[in-house]
>>> print(open('upload_30.cif').read())   # mmCIF, C-alpha atoms
data_input
loop_
_atom_site.group_PDB
_atom_site.id
_atom_site.type_symbol
_atom_site.label_atom_id
_atom_site.label_comp_id
_atom_site.auth_asym_id
_atom_site.auth_seq_id
_atom_site.Cartn_x
_atom_site.Cartn_y
_atom_site.Cartn_z
ATOM 1 C CA MET C 46 10.015 36.576 12.777
ATOM 2 C CA PRO C 47 8.978 34.910 16.036
ATOM 3 C CA VAL C 48 6.835 31.789 15.922
ATOM 4 C CA LEU C 49 3.394 32.362 17.385
ATOM 5 C CA GLY C 50 1.708 29.864 19.667
ATOM 6 C CA ARG C 51 3.126 27.061 21.715
ATOM 7 C CA PRO C 52 5.616 24.641 20.211
ATOM 8 C CA ARG C 53 4.285 21.251 19.192
ATOM 9 C CA ALA C 54 4.377 18.892 22.163
ATOM 10 C CA PHE C 55 4.287 15.655 20.188
ATOM 11 C CA ASP C 56 6.238 13.825 17.513
ATOM 12 C CA ARG C 57 4.348 14.511 14.284
ATOM 13 C CA ASP C 58 5.973 11.578 12.490
ATOM 14 C CA ALA C 59 5.038 9.094 15.228
ATOM 15 C CA ALA C 60 1.513 10.523 15.356
ATOM 16 C CA LEU C 61 1.145 10.117 11.586
ATOM 17 C CA GLN C 62 2.335 6.503 11.788
ATOM 18 C CA ALA C 63 -0.242 5.834 14.504
ATOM 19 C CA ALA C 64 -2.933 7.339 12.251
ATOM 20 C CA VAL C 65 -1.811 5.109 9.361
ATOM 21 C CA GLU C 66 -2.301 2.039 11.524
ATOM 22 C CA VAL C 67 -5.756 3.133 12.729
ATOM 23 C CA PHE C 68 -6.979 3.990 9.218
ATOM 24 C CA TRP C 69 -5.447 0.771 7.840
ATOM 25 C CA ARG C 70 -7.155 -1.321 10.500
ATOM 26 C CA GLN C 71 -10.547 0.437 10.503
ATOM 27 C CA GLY C 72 -10.881 2.461 7.290
ATOM 28 C CA PHE C 73 -11.783 6.150 7.089
ATOM 29 C CA LEU C 74 -15.503 5.912 7.793
ATOM 30 C CA ALA C 75 -15.213 3.653 10.848
ATOM 31 C CA THR C 76 -12.439 5.751 12.392
ATOM 32 C CA SER C 77 -13.598 8.473 14.757
ATOM 33 C CA MET C 78 -11.655 11.522 15.847
ATOM 34 C CA ASN C 79 -11.563 9.965 19.322
ATOM 35 C CA ASP C 80 -9.929 6.832 17.829
ATOM 36 C CA LEU C 81 -7.306 8.969 16.111
ATOM 37 C CA CYS C 82 -6.584 11.155 19.124
ATOM 38 C CA ALA C 83 -6.247 8.117 21.396
ATOM 39 C CA ALA C 84 -3.895 6.289 19.007
ATOM 40 C CA MET C 85 -1.855 9.395 18.218
ATOM 41 C CA GLY C 86 -1.620 10.464 21.852
ATOM 42 C CA ILE C 87 -2.860 13.991 21.127
ATOM 43 C CA ARG C 88 -5.980 16.079 21.582
ATOM 44 C CA SER C 89 -8.186 17.150 18.691
ATOM 45 C CA PRO C 90 -6.971 20.802 18.635
ATOM 46 C CA SER C 91 -3.407 19.504 18.149
ATOM 47 C CA LEU C 92 -4.575 17.110 15.431
ATOM 48 C CA TYR C 93 -6.313 19.918 13.552
ATOM 49 C CA ALA C 94 -3.356 22.278 14.020
ATOM 50 C CA ALA C 95 -0.870 19.700 12.722
ATOM 51 C CA PHE C 96 -2.895 18.021 9.967
ATOM 52 C CA GLY C 97 -5.779 20.355 9.124
ATOM 53 C CA SER C 98 -8.632 17.854 9.157
ATOM 54 C CA LYS C 99 -9.425 14.169 9.394
ATOM 55 C CA GLU C 100 -9.622 14.104 5.576
ATOM 56 C CA ALA C 101 -6.205 15.729 5.144
ATOM 57 C CA LEU C 102 -4.747 13.353 7.725
ATOM 58 C CA TYR C 103 -6.196 10.393 5.811
ATOM 59 C CA ALA C 104 -4.665 11.593 2.526
ATOM 60 C CA GLU C 105 -1.295 12.030 4.240
ATOM 61 C CA ALA C 106 -1.649 8.584 5.819
ATOM 62 C CA ILE C 107 -2.272 7.037 2.382
ATOM 63 C CA ASP C 108 0.839 8.775 1.030
ATOM 64 C CA ARG C 109 2.926 7.480 3.935
ATOM 65 C CA TYR C 110 1.531 3.951 3.586
ATOM 66 C CA SER C 111 2.218 4.017 -0.173
ATOM 67 C CA ALA C 112 5.831 5.048 0.334
ATOM 68 C CA ALA C 113 6.332 2.152 2.748
ATOM 69 C CA ALA C 114 4.537 -0.288 0.418
ATOM 70 C CA ASN C 115 6.784 0.770 -2.463
ATOM 71 C CA GLU C 116 9.828 -0.066 -0.383
ATOM 72 C CA LEU C 117 8.458 -3.312 1.076
ATOM 73 C CA ILE C 118 6.658 -4.650 -2.005
ATOM 74 C CA TRP C 119 6.765 -2.878 -5.360
ATOM 75 C CA ASP C 120 10.481 -2.020 -5.499
ATOM 76 C CA ARG C 121 11.235 -5.758 -5.224
ATOM 77 C CA ILE C 122 10.589 -6.063 -8.967
ATOM 78 C CA ASP C 123 14.205 -4.884 -9.347
ATOM 79 C CA ASP C 124 15.643 -7.244 -6.707
ATOM 80 C CA GLY C 125 16.137 -10.446 -8.661
ATOM 81 C CA PRO C 126 18.607 -11.692 -11.238
ATOM 82 C CA THR C 127 15.630 -11.692 -13.619
ATOM 83 C CA VAL C 128 12.379 -9.739 -13.738
ATOM 84 C CA ARG C 129 10.536 -13.012 -13.188
ATOM 85 C CA ALA C 130 12.466 -13.536 -9.948
ATOM 86 C CA GLY C 131 11.720 -9.923 -9.021
ATOM 87 C CA MET C 132 8.008 -10.424 -9.689
ATOM 88 C CA GLN C 133 8.007 -13.479 -7.458
ATOM 89 C CA LYS C 134 9.658 -11.378 -4.737
ATOM 90 C CA VAL C 135 6.918 -8.746 -5.190
ATOM 91 C CA LEU C 136 4.189 -11.338 -4.725
ATOM 92 C CA LEU C 137 5.834 -13.068 -1.760
ATOM 93 C CA ALA C 138 6.565 -9.718 -0.081
ATOM 94 C CA ALA C 139 2.931 -8.720 -0.618
ATOM 95 C CA ALA C 140 1.836 -11.965 1.026
ATOM 96 C CA GLN C 141 3.981 -11.115 4.072
ATOM 97 C CA VAL C 142 2.559 -7.601 4.340
ATOM 98 C CA VAL C 143 -1.130 -8.343 3.754
ATOM 99 C CA ALA C 144 -1.163 -11.355 6.084
ATOM 100 C CA GLY C 145 -0.692 -8.923 8.947
ATOM 101 C CA ARG C 146 1.101 -9.446 12.249
ATOM 102 C CA ASP C 147 0.560 -8.493 15.845
ATOM 103 C CA ASP C 148 2.158 -5.111 15.130
ATOM 104 C CA MET C 149 0.616 -4.611 11.681
ATOM 105 C CA PRO C 150 -2.964 -4.827 10.372
ATOM 106 C CA SER C 151 -3.869 -7.293 7.632
ATOM 107 C CA GLY C 152 -4.875 -6.276 4.127
ATOM 108 C CA CYS C 153 -3.654 -3.270 2.166
ATOM 109 C CA MET C 154 -4.714 0.245 3.097
ATOM 110 C CA VAL C 155 -4.570 1.451 -0.525
ATOM 111 C CA THR C 156 -6.496 -1.529 -1.937
ATOM 112 C CA LEU C 157 -9.163 -1.173 0.731
ATOM 113 C CA ALA C 158 -9.481 2.597 0.134
ATOM 114 C CA THR C 159 -12.460 2.519 -2.234
ATOM 115 C CA GLY C 160 -14.232 5.590 -3.589
ATOM 116 C CA GLU C 161 -17.050 5.610 -1.067
ATOM 117 C CA GLU C 162 -14.580 5.040 1.771
ATOM 118 C CA CYS C 163 -12.371 7.970 0.761
ATOM 119 C CA PRO C 164 -13.288 11.559 1.550
ATOM 120 C CA GLY C 165 -12.566 14.635 -0.534
ATOM 121 C CA GLY C 166 -9.377 14.284 -2.559
ATOM 122 C CA SER C 167 -8.385 10.998 -0.944
ATOM 123 C CA PRO C 168 -9.897 8.807 -3.712
ATOM 124 C CA ASP C 169 -7.432 10.464 -6.073
ATOM 125 C CA THR C 170 -4.605 9.907 -3.593
ATOM 126 C CA ALA C 171 -5.440 6.201 -3.318
ATOM 127 C CA ARG C 172 -5.947 5.848 -7.079
ATOM 128 C CA HIS C 173 -2.603 7.553 -7.767
ATOM 129 C CA ALA C 174 -0.923 5.149 -5.345
ATOM 130 C CA ARG C 175 -2.444 2.173 -7.186
ATOM 131 C CA GLU C 176 -1.410 3.696 -10.525
ATOM 132 C CA GLY C 177 2.131 4.091 -9.176
ATOM 133 C CA SER C 178 2.237 0.394 -8.310
ATOM 134 C CA LEU C 179 0.960 -0.466 -11.777
ATOM 135 C CA ALA C 180 3.628 1.760 -13.357
ATOM 136 C CA LYS C 181 6.392 -0.033 -11.410
ATOM 137 C CA LEU C 182 5.101 -3.395 -12.648
ATOM 138 C CA ARG C 183 4.868 -2.120 -16.231
ATOM 139 C CA ALA C 184 8.439 -0.806 -16.105
ATOM 140 C CA GLY C 185 9.749 -4.132 -14.842
ATOM 141 C CA LEU C 186 7.804 -6.100 -17.431
ATOM 142 C CA GLN C 187 8.970 -3.766 -20.213
ATOM 143 C CA ARG C 188 12.538 -4.409 -19.094
ATOM 144 C CA ALA C 189 11.836 -8.155 -19.343
ATOM 145 C CA VAL C 190 10.684 -7.703 -22.950
ATOM 146 C CA THR C 191 13.682 -5.496 -23.785
ATOM 147 C CA THR C 192 16.165 -8.024 -22.390
ATOM 148 C CA GLY C 193 14.437 -10.955 -24.093
ATOM 149 C CA GLU C 194 13.178 -12.516 -20.888
ATOM 150 C CA LEU C 195 9.600 -12.123 -22.147
ATOM 151 C CA PRO C 196 8.504 -12.549 -25.757
ATOM 152 C CA PRO C 197 8.123 -9.302 -27.736
ATOM 153 C CA SER C 198 4.442 -10.133 -28.231
ATOM 154 C CA SER C 199 3.789 -9.982 -24.458
ATOM 155 C CA SER C 200 1.074 -7.560 -23.408
ATOM 156 C CA ILE C 201 2.831 -5.486 -20.759
ATOM 157 C CA ASP C 202 -0.378 -3.777 -19.657
ATOM 158 C CA ARG C 203 -2.332 -7.021 -19.359
ATOM 159 C CA LEU C 204 0.427 -8.710 -17.342
ATOM 160 C CA ALA C 205 0.913 -5.689 -15.080
ATOM 161 C CA ARG C 206 -2.823 -5.454 -14.392
ATOM 162 C CA PHE C 207 -2.984 -9.197 -13.754
ATOM 163 C CA TYR C 208 -0.192 -9.144 -11.174
ATOM 164 C CA LEU C 209 -1.552 -5.981 -9.535
ATOM 165 C CA GLY C 210 -4.948 -7.701 -9.370
ATOM 166 C CA VAL C 211 -3.338 -10.717 -7.715
ATOM 167 C CA VAL C 212 -1.817 -8.495 -5.019
ATOM 168 C CA GLN C 213 -5.134 -6.690 -4.542
ATOM 169 C CA GLY C 214 -6.922 -10.029 -4.242
ATOM 170 C CA MET C 215 -4.322 -11.194 -1.738
ATOM 171 C CA ALA C 216 -4.962 -8.017 0.269
ATOM 172 C CA ILE C 217 -8.672 -8.754 0.475
ATOM 173 C CA GLN C 218 -8.004 -12.403 1.315
ATOM 174 C CA GLY C 219 -5.563 -11.270 4.010
ATOM 175 C CA ARG C 220 -8.146 -8.916 5.498
ATOM 176 C CA ASP C 221 -10.634 -11.796 5.488
ATOM 177 C CA GLY C 222 -8.245 -13.951 7.515
ATOM 178 C CA ALA C 223 -6.221 -15.956 4.982
ATOM 179 C CA ASP C 224 -2.969 -17.038 6.578
ATOM 180 C CA LEU C 225 0.512 -16.462 5.212
ATOM 181 C CA ALA C 226 0.802 -19.983 3.750
ATOM 182 C CA ASP C 227 -2.420 -19.513 1.757
ATOM 183 C CA LEU C 228 -1.266 -16.129 0.476
ATOM 184 C CA GLU C 229 2.145 -17.496 -0.505
ATOM 185 C CA ASP C 230 0.368 -20.298 -2.398
ATOM 186 C CA MET C 231 -1.588 -17.628 -4.283
ATOM 187 C CA ALA C 232 1.691 -15.895 -5.148
ATOM 188 C CA ARG C 233 3.290 -19.084 -6.462
ATOM 189 C CA THR C 234 0.159 -19.984 -8.433
ATOM 190 C CA ALA C 235 0.148 -16.528 -10.035
ATOM 191 C CA MET C 236 3.735 -17.050 -11.183
ATOM 192 C CA ALA C 237 2.506 -19.968 -13.300
ATOM 193 C CA ALA C 238 0.902 -17.323 -15.545
ATOM 194 C CA TRP C 239 4.330 -15.894 -16.432
ATOM 195 C CA PRO C 240 4.659 -16.258 -20.231
ATOM 196 C CA GLU C 241 7.211 -18.761 -21.437
ATOM 197 C CA ARG C 242 9.854 -17.542 -23.848
#
>>> encode(input="upload_30.cif", output="structure tokens")
Amino acid sequence: MPVLGRPRAFDRDAALQAAVEVFWRQGFLATSMNDLCAAMGIRSPSLYAAFGSKEALYAEAIDRYSAAANELIWDRIDDGPTVRAGMQKVLLAAAQVVAGRDDMPSGCMVTLATGEECPGGSPDTARHAREGSLAKLRAGLQRAVTTGELPPSSSIDRLARFYLGVVQGMAIQGRDGADLADLEDMARTAMAAWPER
């Protein structure tokens, strides 16, 4: 069956990445369609044809951001010789990401995506992303209990929520202008809460 209409004249993947950066920098409410079209290098009819709506684009942007954050931050829990070393890598990687750079906004798009900021189904998308991060931390901490690295009496949920809260706090501090050294200090201080065996 022949395809109707003109072929897409832009790189959808590159346009989505541009939208991620605009939403990350400005949030959903402060981002206009003109902002998105300018950053993505497309006109609004193309945006609507490719993504459906600003709300659908935002949800897709959160999913894309979350996938990148998993790779850059949360998957690091498995990168050390011990879970403790992996947790430290998570926190230090988070500090790098949320501090921002010239080519990357500061803060964390998912942390900053609060209920009133998110349209339609996006609050669920952001919440599911945060729950996914929490699940990765829980799995790593459970492994630490299983291998004897943490005492059997350790509260996996409490520790996972604590370390997720540290990263979320770092994200807000990063958005407020904390520099990388300050954020890395927060990460090292949080590691002092790791239960002794």
>>> atom_distance(input="upload_30.cif", atom1="CA of Asp224 (chain C)", atom2="CA of Val135 (chain C)")
17.5 Å
>>> closest_atom_pairs(input="upload_30.cif", of="region 53-153 of chain C", to="region 172-178 of chain C", cutoff="10 Å", atoms="only C-alpha atoms", output="tab-separated table")
residue	atom	partner	partner_atom	distance
C:Ile107	CA	C:Ala174	CA	8.1
C:Asp108	CA	C:Ala174	CA	7.5
C:Tyr110	CA	C:Ala174	CA	9.3
C:Ser111	CA	C:Ala174	CA	6.2
C:Ala112	CA	C:Ala174	CA	8.8
C:Ala114	CA	C:Ser178	CA	9.1
C:Asn115	CA	C:Ser178	CA	7.4
C:Ile118	CA	C:Ser178	CA	9.2
C:Trp119	CA	C:Ser178	CA	6.3
C:Asp120	CA	C:Ser178	CA	9.0
>>> axis_aligned_box(input="upload_30.cif", around="region 187-191 of chain C", padding_each_side="8 Å", output="AutoDock Vina command-line options")
--center_x 11.3 --center_y -6.0 --center_z -21.4 --size_x 20.7 --size_y 20.4 --size_z 20.7
>>> atom_distance(input="upload_30.cif", atom1="CA of Ala138 (chain C)", atom2="CA of Ile217 (chain C)")
15.3 Å
>>> residues_around(input="upload_30.cif", residues="Pro90 (chain C)", least_positions_apart="3", cutoff="12 Å", atoms="all atoms listed in the file", output="PyMOL selection string")
chain C and resi 53+78-79+82+87+93-99
>>> residues_around(input="upload_30.cif", residues="Phe68 (chain C)", least_positions_apart="3", cutoff="9 Å", atoms="only C-alpha atoms", output="VMD selection string")
chain C and resid 63 to 65 71 to 76 81 103 106 to 107 154
>>> write_last_selection(input="upload_30.cif", atoms="C-alpha atoms", output="short mmCIF file (atom, residue, chain, number, x, y, z; two decimals), keeping the file's coordinate frame")
data_model
loop_
_atom_site.label_atom_id
_atom_site.label_comp_id
_atom_site.auth_asym_id
_atom_site.auth_seq_id
_atom_site.Cartn_x
_atom_site.Cartn_y
_atom_site.Cartn_z
CA ALA C 63 -0.24 5.83 14.50
CA ALA C 64 -2.93 7.34 12.25
CA VAL C 65 -1.81 5.11 9.36
CA GLN C 71 -10.55 0.44 10.50
CA GLY C 72 -10.88 2.46 7.29
CA PHE C 73 -11.78 6.15 7.09
CA LEU C 74 -15.50 5.91 7.79
CA ALA C 75 -15.21 3.65 10.85
CA THR C 76 -12.44 5.75 12.39
CA LEU C 81 -7.31 8.97 16.11
CA TYR C 103 -6.20 10.39 5.81
CA ALA C 106 -1.65 8.58 5.82
CA ILE C 107 -2.27 7.04 2.38
CA MET C 154 -4.71 0.24 3.10
#
>>> residues_near_point(input="upload_30.cif", point="(-2.7, -9.7, 10.3)", cutoff="12 Å", atoms="only C-alpha atoms", output="PDB file with C-alpha atoms, in the frame of the given file")
ATOM      1  CA  GLU C  66      -2.301   2.039  11.524  1.00  0.00           C
ATOM      2  CA  TRP C  69      -5.447   0.771   7.840  1.00  0.00           C
ATOM      3  CA  ARG C  70      -7.155  -1.321  10.500  1.00  0.00           C
ATOM      4  CA  ALA C 140       1.836 -11.965   1.026  1.00  0.00           C
ATOM      5  CA  GLN C 141       3.981 -11.115   4.072  1.00  0.00           C
ATOM      6  CA  VAL C 142       2.559  -7.601   4.340  1.00  0.00           C
ATOM      7  CA  VAL C 143      -1.130  -8.343   3.754  1.00  0.00           C
ATOM      8  CA  ALA C 144      -1.163 -11.355   6.084  1.00  0.00           C
ATOM      9  CA  GLY C 145      -0.692  -8.923   8.947  1.00  0.00           C
ATOM     10  CA  ARG C 146       1.101  -9.446  12.249  1.00  0.00           C
ATOM     11  CA  ASP C 147       0.560  -8.493  15.845  1.00  0.00           C
ATOM     12  CA  ASP C 148       2.158  -5.111  15.130  1.00  0.00           C
ATOM     13  CA  MET C 149       0.616  -4.611  11.681  1.00  0.00           C
ATOM     14  CA  PRO C 150      -2.964  -4.827  10.372  1.00  0.00           C
ATOM     15  CA  SER C 151      -3.869  -7.293   7.632  1.00  0.00           C
ATOM     16  CA  GLY C 152      -4.875  -6.276   4.127  1.00  0.00           C
ATOM     17  CA  CYS C 153      -3.654  -3.270   2.166  1.00  0.00           C
ATOM     18  CA  ALA C 216      -4.962  -8.017   0.269  1.00  0.00           C
ATOM     19  CA  ILE C 217      -8.672  -8.754   0.475  1.00  0.00           C
ATOM     20  CA  GLN C 218      -8.004 -12.403   1.315  1.00  0.00           C
ATOM     21  CA  GLY C 219      -5.563 -11.270   4.010  1.00  0.00           C
ATOM     22  CA  ARG C 220      -8.146  -8.916   5.498  1.00  0.00           C
ATOM     23  CA  ASP C 221     -10.634 -11.796   5.488  1.00  0.00           C
ATOM     24  CA  GLY C 222      -8.245 -13.951   7.515  1.00  0.00           C
ATOM     25  CA  ALA C 223      -6.221 -15.956   4.982  1.00  0.00           C
ATOM     26  CA  ASP C 224      -2.969 -17.038   6.578  1.00  0.00           C
ATOM     27  CA  LEU C 225       0.512 -16.462   5.212  1.00  0.00           C
ATOM     28  CA  LEU C 228      -1.266 -16.129   0.476  1.00  0.00           C
TER      29      LEU C 228
END
>>> resolve_selection(input="upload_30.cif", expression="the PyMOL selection byres ((chain C and resi 212) around 9)", output="ChimeraX atom specification")
/C:135-136,139-140,143,156,207-211,213-217,232
>>> atom_distance(input="upload_30.cif", atom1="CA of Ser89 (chain C)", atom2="CA of Leu102 (chain C)")
12.1 Å
>>> residues_around(input="upload_30.cif", residues="Ile122 (chain C)", least_positions_apart="5", cutoff="9 Å", atoms="all atoms listed in the file", output="ChimeraX atom specification")
/C:127-135,181-182,185-186
>>> closest_residue(input="upload_30.cif", among="C:Ala235, C:Ala171, C:Ala226, C:Ala54", to="Ala158 (chain C)", atoms="all atoms listed in the file")
C:Ala171
>>> closest_residue(input="upload_30.cif", among="C:Ala83, C:Asp230, C:Arg109, C:Arg203", to="Leu61 (chain C)", atoms="all atoms listed in the file")
C:Arg109
>>> residues_near_point(input="upload_30.cif", point="(9.4, -1.4, -20.0)", cutoff="12 Å", atoms="all atoms listed in the file", output="VMD selection string")
chain C and resid 128 179 to 195 197 199 to 202 204 to 205
>>> closest_residue(input="upload_30.cif", among="C:Pro196, C:Arg206, C:Glu229, C:Leu92", to="Glu241 (chain C)", atoms="only C-alpha atoms")
C:Pro196
>>> closest_residue(input="upload_30.cif", among="C:Asp227, C:Asp56, C:Asp124, C:Glu105", to="Gly86 (chain C)", atoms="all atoms listed in the file")
C:Asp56
>>> closest_residue(input="upload_30.cif", among="C:Asp169, C:Ala60, C:Ala113, C:Ala101", to="Arg88 (chain C)", atoms="all atoms listed in the file")
C:Ala60
>>> closest_residue(input="upload_30.cif", among="C:Met85, C:Pro126, C:Leu117, C:Phe55", to="Val67 (chain C)", atoms="all atoms listed in the file")
C:Met85
>>> build_atoms(input="upload_30.cif", residues="region 58-78 of chain C", atoms="N, CA and C atoms", output="CSV table (one decimal), in the frame of the given file")
chain,number,residue,atom,x,y,z
C,58,ASP,N,5.7,12.8,13.3
C,58,ASP,CA,6.0,11.6,12.5
C,58,ASP,C,5.4,10.3,13.2
C,59,ALA,N,5.6,10.2,14.5
C,59,ALA,CA,5.0,9.1,15.2
C,59,ALA,C,3.5,9.2,15.3
C,60,ALA,N,3.0,10.4,15.4
C,60,ALA,CA,1.5,10.5,15.4
C,60,ALA,C,0.9,10.1,14.0
C,61,LEU,N,1.6,10.5,12.9
C,61,LEU,CA,1.1,10.1,11.6
C,61,LEU,C,1.2,8.6,11.4
C,62,GLN,N,2.2,8.0,11.9
C,62,GLN,CA,2.3,6.5,11.8
C,62,GLN,C,1.2,5.8,12.6
C,63,ALA,N,0.9,6.4,13.7
C,63,ALA,CA,-0.2,5.8,14.5
C,63,ALA,C,-1.6,6.0,13.7
C,64,ALA,N,-1.7,7.1,13.1
C,64,ALA,CA,-2.9,7.3,12.3
C,64,ALA,C,-3.0,6.4,11.1
C,65,VAL,N,-1.9,6.1,10.4
C,65,VAL,CA,-1.8,5.1,9.4
C,65,VAL,C,-2.4,3.8,9.9
C,66,GLU,N,-1.9,3.3,11.0
C,66,GLU,CA,-2.3,2.0,11.5
C,66,GLU,C,-3.8,2.0,11.9
C,67,VAL,N,-4.3,3.1,12.4
C,67,VAL,CA,-5.8,3.1,12.7
C,67,VAL,C,-6.6,3.1,11.4
C,68,PHE,N,-6.2,4.0,10.5
C,68,PHE,CA,-7.0,4.0,9.2
C,68,PHE,C,-6.9,2.7,8.5
C,69,TRP,N,-5.7,2.1,8.5
C,69,TRP,CA,-5.4,0.8,7.8
C,69,TRP,C,-6.3,-0.3,8.5
C,70,ARG,N,-6.4,-0.3,9.8
C,70,ARG,CA,-7.2,-1.3,10.5
C,70,ARG,C,-8.7,-1.1,10.4
C,71,GLN,N,-9.1,0.1,10.4
C,71,GLN,CA,-10.5,0.4,10.5
C,71,GLN,C,-11.2,1.1,9.3
C,72,GLY,N,-10.3,1.7,8.4
C,72,GLY,CA,-10.9,2.5,7.3
C,72,GLY,C,-11.2,3.9,7.7
C,73,PHE,N,-11.5,4.8,6.8
C,73,PHE,CA,-11.8,6.2,7.1
C,73,PHE,C,-13.1,6.3,7.8
C,74,LEU,N,-14.2,5.7,7.3
C,74,LEU,CA,-15.5,5.9,7.8
C,74,LEU,C,-15.7,5.4,9.2
C,75,ALA,N,-15.1,4.3,9.5
C,75,ALA,CA,-15.2,3.7,10.8
C,75,ALA,C,-14.3,4.3,11.9
C,76,THR,N,-13.4,5.1,11.5
C,76,THR,CA,-12.4,5.8,12.4
C,76,THR,C,-13.0,7.1,12.9
C,77,SER,N,-13.1,7.2,14.2
C,77,SER,CA,-13.6,8.5,14.8
C,77,SER,C,-12.4,9.4,15.1
C,78,MET,N,-12.7,10.6,15.4
C,78,MET,CA,-11.7,11.5,15.8
C,78,MET,C,-11.1,11.0,17.2
